[in-house]
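Okay, query.txt now, which holds compact mmCIF, C-alpha atoms:
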# COMPACT_ATOMS: atom_id res chain seq x y z
CA MET A 1 -28.94 42.66 -12.93
CA ALA A 2 -29.88 39.76 -10.71
CA ASP A 3 -30.22 40.42 -6.99
CA LYS A 4 -27.40 39.21 -4.82
CA ILE A 5 -28.19 36.12 -2.76
CA ALA A 6 -26.68 35.46 0.64
CA VAL A 7 -24.69 32.31 1.20
CA THR A 8 -26.88 29.70 2.84
CA PRO A 9 -25.55 26.73 4.82
CA LYS A 10 -26.53 24.56 1.83
CA ASP A 11 -24.46 26.71 -0.55
CA PHE A 12 -21.49 26.69 1.81
CA PHE A 13 -21.35 22.94 2.31
CA LEU A 14 -22.09 22.16 -1.34
CA TRP A 15 -19.13 24.22 -2.53
CA VAL A 16 -16.79 23.16 0.26
CA GLY A 17 -17.78 19.51 -0.26
CA ALA A 18 -17.30 19.72 -4.03
CA THR A 19 -13.89 21.37 -3.60
CA ILE A 20 -12.64 18.83 -1.05
CA ALA A 21 -13.93 15.98 -3.24
CA LEU A 22 -12.04 17.50 -6.19
CA TYR A 23 -8.77 17.70 -4.25
CA VAL A 24 -9.05 14.16 -2.86
CA SER A 25 -9.97 12.74 -6.28
CA THR A 26 -7.08 14.53 -7.98
CA VAL A 27 -4.49 13.40 -5.43
CA SER A 28 -5.85 9.83 -5.48
CA LEU A 29 -5.78 9.65 -9.28
CA LEU A 30 -2.20 10.92 -9.43
CA ALA A 31 -1.14 8.53 -6.65
CA LEU A 32 -2.69 5.66 -8.60
CA TRP A 33 -0.97 6.69 -11.84
CA PHE A 34 2.37 7.11 -10.04
CA ALA A 35 2.05 3.58 -8.65
CA TYR A 36 1.32 2.23 -12.14
CA ILE A 37 4.30 4.13 -13.55
CA ASP A 38 6.57 2.67 -10.88
CA ARG A 39 5.32 -0.83 -11.66
CA LEU A 40 5.69 -0.45 -15.43
CA LEU A 41 8.72 1.83 -15.81
CA GLY A 42 10.42 2.04 -12.43
CA ALA A 43 12.33 -0.45 -10.33
CA VAL A 44 10.17 -2.20 -7.74
CA PRO A 45 12.01 -2.20 -4.37
CA ARG A 46 13.11 -5.63 -3.19
CA TYR A 47 11.01 -5.36 -0.06
CA ALA A 48 8.10 -3.34 -1.41
CA ASP A 49 4.71 -3.59 0.21
CA PRO A 50 3.27 -6.90 -1.08
CA PHE A 51 -0.26 -5.74 -0.33
CA SER A 52 -0.07 -2.58 -2.50
CA THR A 53 -1.50 -0.44 0.29
CA GLY A 54 -1.03 2.82 -1.62
CA ILE A 55 -2.90 1.53 -4.66
CA ARG A 56 -5.74 0.17 -2.52
CA ILE A 57 -6.15 3.47 -0.67
CA ALA A 58 -6.18 5.42 -3.94
CA VAL A 59 -8.74 3.06 -5.49
CA ALA A 60 -10.97 3.15 -2.42
CA SER A 61 -10.82 6.96 -2.34
CA LEU A 62 -11.73 7.26 -6.02
CA VAL A 63 -14.58 4.75 -5.78
CA VAL A 64 -16.15 6.68 -2.91
CA ILE A 65 -15.12 10.31 -3.44
CA PHE A 66 -15.13 10.76 -7.23
CA PRO A 67 -18.88 9.94 -7.71
CA LEU A 68 -19.54 12.34 -4.82
CA PHE A 69 -17.53 15.02 -6.63
CA ILE A 70 -19.56 14.49 -9.84
CA LEU A 71 -22.83 14.65 -7.88
CA LEU A 72 -21.95 17.81 -5.93
CA THR A 73 -20.61 19.56 -9.04
CA ARG A 74 -23.82 18.76 -10.90
CA MET A 75 -25.87 20.08 -7.98
CA VAL A 76 -24.07 23.44 -7.84
CA HIS A 77 -24.34 23.84 -11.63
CA THR A 78 -28.06 23.06 -11.56
CA ASP A 79 -28.51 25.52 -8.70
CA ILE A 80 -26.80 28.31 -10.66
CA ARG A 81 -28.90 27.60 -13.76
CA LYS A 82 -32.03 28.09 -11.62
CA HIS A 83 -30.69 31.11 -9.73
CA ALA A 84 -28.18 33.02 -11.85
CA ALA A 85 -27.29 35.31 -8.94
CA LYS A 86 -25.65 32.39 -7.17
CA SER A 87 -22.74 32.66 -9.59
CA GLU A 88 -21.73 35.73 -7.53
CA LEU A 89 -21.60 33.91 -4.20
CA TRP A 90 -18.38 34.75 -2.37
CA ILE A 91 -17.83 31.13 -1.38
CA ARG A 92 -17.94 30.12 -5.06
CA LYS A 93 -15.50 32.82 -6.16
CA TRP A 94 -13.02 32.19 -3.36
CA LEU A 95 -12.94 28.40 -3.79
CA LEU A 96 -12.67 28.60 -7.58
CA MET A 97 -9.82 31.10 -7.42
CA LEU A 98 -8.10 29.04 -4.72
CA THR A 99 -8.35 25.97 -6.95
CA ILE A 100 -7.01 27.81 -9.99
CA PHE A 101 -4.18 29.32 -7.96
CA GLY A 102 -3.26 25.96 -6.44
CA ALA A 103 -3.32 24.25 -9.83
CA GLY A 104 -1.12 26.96 -11.34
CA ILE A 105 1.41 26.73 -8.50
CA THR A 106 1.50 22.95 -8.80
CA MET A 107 2.26 23.10 -12.53
CA VAL A 108 4.99 25.67 -11.97
CA ILE A 109 6.61 23.49 -9.28
CA ASP A 110 6.33 20.48 -11.57
CA LEU A 111 8.22 22.29 -14.34
CA ILE A 112 10.81 23.61 -11.87
CA VAL A 113 11.51 20.07 -10.66
CA LEU A 114 11.89 18.91 -14.26
CA LEU A 115 14.27 21.74 -15.18
CA ASN A 116 16.27 21.41 -11.95
CA THR A 117 16.72 17.68 -12.53
CA PHE A 118 17.91 18.33 -16.08
CA LEU A 119 20.32 21.13 -15.11
CA GLY A 120 21.70 19.00 -12.29
CA GLY A 121 22.85 16.38 -14.76
CA GLU A 122 20.59 13.74 -13.26
CA GLU A 123 19.15 11.05 -15.48
CA LEU A 124 15.69 11.86 -16.86
CA THR A 125 14.28 8.37 -16.59
CA PRO A 126 11.10 7.36 -18.44
CA ALA A 127 9.36 6.93 -15.09
CA PHE A 128 10.30 10.45 -13.98
CA LEU A 129 9.27 12.08 -17.27
CA THR A 130 5.98 10.19 -17.30
CA LYS A 131 5.17 11.39 -13.78
CA VAL A 132 5.93 14.99 -14.77
CA PHE A 133 3.61 14.63 -17.77
CA ALA A 134 0.91 13.01 -15.62
CA VAL A 135 0.94 15.98 -13.22
CA LEU A 136 0.72 18.46 -16.10
CA LEU A 137 -2.14 16.50 -17.68
CA VAL A 138 -4.28 16.13 -14.55
CA ILE A 139 -3.54 19.46 -12.89
CA GLY A 140 -3.53 21.31 -16.22
CA GLY A 141 -6.92 19.85 -17.09
CA ALA A 142 -8.32 20.99 -13.74
CA PHE A 143 -6.77 24.43 -14.23
CA LEU A 144 -8.47 24.93 -17.62
CA TYR A 145 -11.79 23.48 -16.46
CA TYR A 146 -12.10 25.83 -13.49
CA LEU A 147 -10.81 28.78 -15.48
CA TYR A 148 -13.87 28.32 -17.69
CA GLU A 149 -15.95 27.67 -14.57
CA VAL A 150 -15.14 31.17 -13.28
CA ARG A 151 -16.46 32.56 -16.57
CA GLY A 152 -19.69 30.63 -16.16
CA GLU A 153 -19.15 28.57 -19.34
CA TRP A 154 -20.41 25.27 -17.92
CA GLU A 155 -23.69 26.75 -16.73
CA LYS A 156 -24.26 28.05 -20.28
CA ASN A 157 -23.10 24.88 -22.04
CA GLU A 158 -24.63 22.04 -20.04
CA MET A 159 -24.06 19.45 -22.77
CA VAL A 160 -20.33 20.21 -23.03
CA SER A 161 -20.08 19.99 -19.24
CA LYS A 162 -21.71 16.54 -19.30
CA ILE A 163 -19.38 15.35 -22.08
CA ILE A 164 -16.33 16.44 -20.07
CA ALA A 165 -17.73 14.73 -16.97
CA GLY A 166 -18.24 11.56 -19.02
CA ILE A 167 -14.70 11.59 -20.41
CA VAL A 168 -13.16 12.14 -16.95
CA SER A 169 -15.37 9.40 -15.50
CA VAL A 170 -14.17 6.93 -18.14
CA ILE A 171 -10.53 7.82 -17.36
CA VAL A 172 -11.08 7.33 -13.62
CA LEU A 173 -13.03 4.11 -14.13
CA THR A 174 -10.30 2.70 -16.37
CA SER A 175 -7.66 3.63 -13.79
CA VAL A 176 -9.62 1.91 -11.01
CA VAL A 177 -10.32 -1.27 -12.98
CA SER A 178 -6.65 -1.47 -13.98
CA ALA A 179 -5.77 -1.85 -10.30
CA PHE A 180 -7.17 -5.38 -10.24
CA PHE A 181 -4.74 -6.37 -12.99
CA VAL A 182 -1.84 -4.87 -11.02
CA ILE A 183 -2.52 -5.92 -7.42
CA GLY A 184 -4.84 -8.85 -8.04
CA THR A 185 -8.28 -9.60 -6.67
CA PRO A 186 -9.25 -9.33 -2.98
CA ARG A 187 -8.97 -13.13 -2.76
CA GLU A 188 -5.37 -13.05 -4.02
CA LEU A 189 -4.50 -10.35 -1.48
CA ARG A 190 -6.08 -12.49 1.23
CA LEU A 191 -3.77 -15.35 0.23
CA LEU A 192 -0.79 -12.98 0.41
CA ARG A 193 -1.83 -12.04 3.93
CA TYR A 194 -1.95 -15.73 4.84
CA ASP A 195 1.62 -16.04 3.54
CA GLN A 196 2.75 -13.04 5.59
CA GLU A 197 1.10 -14.52 8.67
CA LYS A 198 3.00 -17.77 8.06
CA VAL A 199 6.33 -15.96 7.75
CA ASN A 200 5.64 -14.14 11.02
CA ALA A 201 4.81 -17.45 12.70
CA LEU A 202 7.98 -19.09 11.38
CA GLU A 203 10.10 -16.19 12.57
CA ASN A 204 8.49 -16.35 16.01
CA MET A 205 9.05 -20.11 16.27
CA GLN A 206 12.64 -19.68 15.14
CA TRP A 207 13.38 -17.28 17.98
CA GLN A 208 11.71 -19.63 20.43
CA ILE A 209 13.92 -22.48 19.20
CA ILE A 210 17.03 -20.30 19.63
CA ASN A 211 15.85 -19.33 23.11
CA HIS A 212 15.32 -23.02 23.94
CA TRP A 213 18.90 -23.76 22.79
CA GLN A 214 20.29 -20.95 24.93
CA GLN A 215 18.35 -22.08 27.97
CA LYS A 216 18.97 -25.84 27.69
CA ALA A 217 21.98 -26.18 25.34
CA ARG A 218 20.01 -28.45 23.02
CA LEU A 219 17.40 -28.09 20.31
CA PRO A 220 13.78 -28.90 21.16
CA GLU A 221 12.69 -32.39 20.10
CA ASN A 222 9.51 -31.05 18.52
CA LEU A 223 7.41 -27.89 18.38
CA ASP A 224 5.33 -28.97 21.37
CA ALA A 225 8.46 -28.63 23.49
CA LEU A 226 8.26 -24.88 22.89
CA GLN A 227 4.93 -24.56 24.69
CA ASP A 228 5.45 -22.34 27.71
CA PRO A 229 2.47 -21.38 29.87
CA ILE A 230 4.61 -19.02 31.94
CA SER A 231 5.79 -16.87 29.04
CA GLY A 232 2.48 -17.41 27.29
CA PHE A 233 3.96 -18.82 24.10
CA SER A 234 1.92 -21.38 22.22
CA VAL A 235 2.89 -22.94 18.93
CA PRO A 236 1.01 -21.10 16.14
CA VAL A 237 -1.36 -22.96 13.85
CA ASP A 238 -1.27 -22.53 10.08
CA PRO A 239 -4.36 -20.41 9.25
CA GLN A 240 -5.04 -22.58 6.18
CA THR A 241 -4.90 -26.03 7.74
CA THR A 242 -8.69 -26.22 7.50
CA GLU A 243 -8.40 -25.84 3.73
CA GLY A 244 -6.42 -29.04 3.31
CA MET A 245 -2.97 -27.43 3.42
CA ALA A 246 -0.17 -28.89 5.51
CA GLY A 247 0.68 -27.14 8.76
CA TYR A 248 4.07 -26.03 10.00
CA ALA A 249 6.87 -28.62 10.18
CA TYR A 250 10.06 -28.74 12.24
CA ARG A 251 13.01 -31.08 11.84
CA ILE A 252 16.40 -31.39 13.53
CA LEU A 253 19.19 -31.66 10.94
CA ALA A 254 22.22 -31.66 13.26
CA PRO A 255 22.99 -30.74 16.87
CA LEU A 256 22.97 -27.05 15.91
CA SER A 257 20.89 -27.15 12.71
CA PHE A 258 17.18 -27.36 12.12
CA GLU A 259 14.58 -26.47 9.51
CA LEU A 260 11.12 -24.95 9.63
CA CYS A 261 8.66 -25.60 6.82
CA ALA A 262 5.40 -24.08 5.60
CA THR A 263 3.25 -24.16 2.48
CA PHE A 264 2.85 -20.81 0.72
CA ASN A 265 0.26 -19.59 -1.78
CA HIS A 266 2.52 -17.24 -3.77
CA ALA A 267 6.20 -16.55 -4.22
CA SER A 268 7.50 -13.66 -2.16
CA LEU A 269 8.42 -10.41 -3.90
CA GLY A 270 11.95 -10.52 -5.26
CA THR A 271 12.27 -14.31 -5.16
CA THR A 272 14.61 -15.59 -7.84
CA GLY A 273 14.44 -19.39 -7.84
CA GLY A 274 16.72 -21.77 -6.04
CA ILE A 275 14.34 -22.34 -3.11
CA SER A 276 11.35 -23.92 -4.81
CA GLU A 277 12.30 -27.53 -4.10
CA PRO A 278 10.44 -29.04 -1.10
CA TYR A 279 12.65 -29.27 1.96
CA ALA A 280 15.51 -27.44 0.20
CA VAL A 281 18.27 -26.87 2.71
CA ARG A 282 20.14 -23.57 2.68
CA PRO A 283 22.74 -24.14 5.39
CA GLN A 284 24.26 -20.94 6.67
CA LYS A 285 24.76 -19.38 10.04
CA TYR A 286 21.96 -17.16 11.20
CA SER A 287 22.71 -13.83 12.80
CA GLY A 288 19.24 -12.32 12.65
CA ALA A 289 20.10 -9.59 10.12
CA GLU A 290 19.39 -11.38 6.84
CA LYS A 291 15.89 -10.38 5.75
CA ALA A 292 16.18 -12.50 2.61
CA PHE A 293 16.12 -15.60 4.81
CA TRP A 294 12.33 -15.56 4.53
CA GLU A 295 12.04 -15.30 0.75
CA HIS A 296 10.04 -18.21 -0.58
CA SER A 297 8.47 -19.69 -3.68
CA ALA A 298 4.91 -20.98 -3.96
CA GLY A 299 4.25 -24.39 -2.46
CA GLU A 300 6.07 -26.17 0.34
CA VAL A 301 9.32 -24.47 1.36
CA CYS A 302 11.73 -25.27 4.17
CA PHE A 303 14.13 -22.81 5.78
CA ALA A 304 17.33 -24.40 7.10
CA ARG A 305 19.02 -22.68 10.02
CA ALA A 306 22.39 -23.28 11.69
CA ILE A 307 22.74 -21.64 15.09
CA ASP A 308 26.03 -19.85 15.62
CA PRO A 309 27.02 -20.64 19.24
CA GLU A 310 29.23 -17.56 19.33
CA ALA A 311 26.30 -15.31 18.46
CA TYR A 312 23.87 -17.24 20.65
CA PRO A 313 25.88 -18.90 23.45
CA PRO A 314 24.08 -21.11 25.99
CA LEU A 315 23.19 -19.14 29.09
CA GLN A 316 24.93 -20.00 32.35
CA LYS A 317 22.40 -21.69 34.59
CA ALA A 318 22.07 -20.48 38.13
CA PRO A 319 22.68 -23.15 40.80
CA THR A 320 19.55 -24.82 42.13
CA PRO A 321 18.77 -23.33 45.54
CA THR A 322 19.12 -25.75 48.44
CA ARG A 323 16.23 -25.91 50.81
CA VAL A 324 17.33 -25.19 54.37
CA LEU A 325 15.47 -27.19 56.97
CA PRO A 326 14.59 -25.33 60.16

Target format C-alpha cells, applied to this file:
Amino acid sequence: MADKIAVTPKDFFLWVGATIALYVSTVSLLALWFAYIDRLLGAVPRYADPFSTGIRIAVASLVVIFPLFILLTRMVHTDIRKHAAKSELWIRKWLLMLTIFGAGITMVIDLIVLLNTFLGGEELTPAFLTKVFAVLLVIGGAFLYYLYEVRGEWEKNEMVSKIIAGIVSVIVLTSVVSAFFVIGTPRELRLLRYDQEKVNALENMQWQIINHWQQKARLPENLDALQDPISGFSVPVDPQTTEGMAGYAYRILAPLSFELCATFNHASLGTTGGISEPYAVRPQKYSGAEKAFWEHSAGEVCFARAIDPEAYPPLQKAPTPTRVLP
C-alpha cells in the first residue's frame, strides 16, 4: 500500500483551481447554449441587449478558463500517475464528491422543473425542452466523468482521458466560434455602439430643444442655439464624421414641430420597415414615454417630433429686476 502524502500548497491550489475552472466553464457553456436556443427557438425581446453582453461574457470566460481547466486537469492526472498515493488526498476526495453531489442535485432540479411545468399545464415549448436537455447533457456528462474520476479510471486509461478531453474541446470550440455568426464580429459590434451613441445624442438634443421651447416659447433656429456654457451643454458631434458620414441634422417643420436626423450603420432591433426613407416624417405628439420613437433602419433616418404644449407648456418668465440707483 502506498504511503499517504500530505496535501501540499501545490496540491491544494491545483485541485481548487481545476474545480473552479470546471464550474466556470460549465456555467459559461450552458449560458452560451441558452442564448443560442433563445435566438433560434425563443422569442427575442423587442428591446433585447443589442450588444449580446451575455454571449460575449460566456465566450470570453470559455476562451480563458476552459484551456486553464484542461491544463490543470492534465497536471493533476500526471501527478497521480507519478505518485499513486496522491489519489488519496483529502482535497481530491472532497472536491470530487462535492462536484458529483452538485451535478446530481442539478439534474434532479432540472427534472423537477420539467415535471412541474408539465403538471401545471404550461406549454412545453421547444426552447424550454431544449434547455432541459442541454442541462442534462452537460451536467450529466460531468457527473459520469467525475464518477469515473473517483474510481481512478482516467489515471489508468490516459488515452481514453485524452480522447474525452479532445471531444469536449471540439464542442466548446464550436460553441465559441458559433458566437461570431450570432453576434457578429467585433467591428460590427463597434458599429452598433456608434449607433447607440447616436441615439443617446439625439435624445439629449431633443430634450434640449424642448427645454429651449419652454424657456423661450420658440424652437431654436439651429443646433448652435442650444450651446449653453452655464449648464455645460454642447452640441454632440457624430463619432463617425471623420469616416465620411454625415453629422447630425436639425430642421424646423412647423412652429411646434422639428426633426432630428442621423446616419446609422445598422437597423435597430425590432425595426419593421416604414422608417427607412431619408427624412421620413412621423408626425405625432411626443410625451417622452414612447421608446419605439428611436427605432431606425440603416442609413439616414430622421425623427419628426411635435411638441405638445399641454405636456410641455412654456415657463412663466420672472420679471426683469429693476436696478435701484442709490

Atom CA of A:Leu226 to atom CA of A:Val199, distance in Å rounded to a single decimal: 17.7 Å

Could you give me, as CSV, a per-residue list for stretch 112-218 of chain A showing, wherever an atom lies at most 9 Å from an atom of stretch 24-33 of chain A, the closest pair of atoms and their distance in Å to one decimal, using only C-alpha atoms and sorting by chain then residue number from low to high?
residue,atom,partner,partner_atom,distance
A:Lys131,CA,A:Trp33,CA,8.0
A:Ala134,CA,A:Leu30,CA,7.2
A:Val135,CA,A:Leu30,CA,7.1
A:Val138,CA,A:Thr26,CA,7.3
A:Ile139,CA,A:Thr26,CA,7.8
A:Ala142,CA,A:Thr26,CA,8.7
A:Val172,CA,A:Leu29,CA,7.2
A:Ser175,CA,A:Leu32,CA,7.5
A:Val176,CA,A:Leu32,CA,8.2
A:Ala179,CA,A:Leu32,CA,8.3

Separation of atom CA of A:Leu114 from atom CA of A:Gly54, in Å and rounded to one decimal: 24.2 Å

For A:Ile65: contacts at 9 Å, all atoms listed in the file, fewer than 4 positions along chain excluded, given as a PyMOL selection string: chain A and resi 21-22+24-25+60-61+69-70

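Relative to atom CA of A:Val63, atom CA of A:Val177 is found at 10.3 Å.
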
Who sits within 10 Å of stretch 180-192 of chain A, all atoms listed in the file, same chain under 6 positions skipped, as a ChimeraX atom specification: /A:35-36,39-40,50-53,55-56,59,198,240,264-268
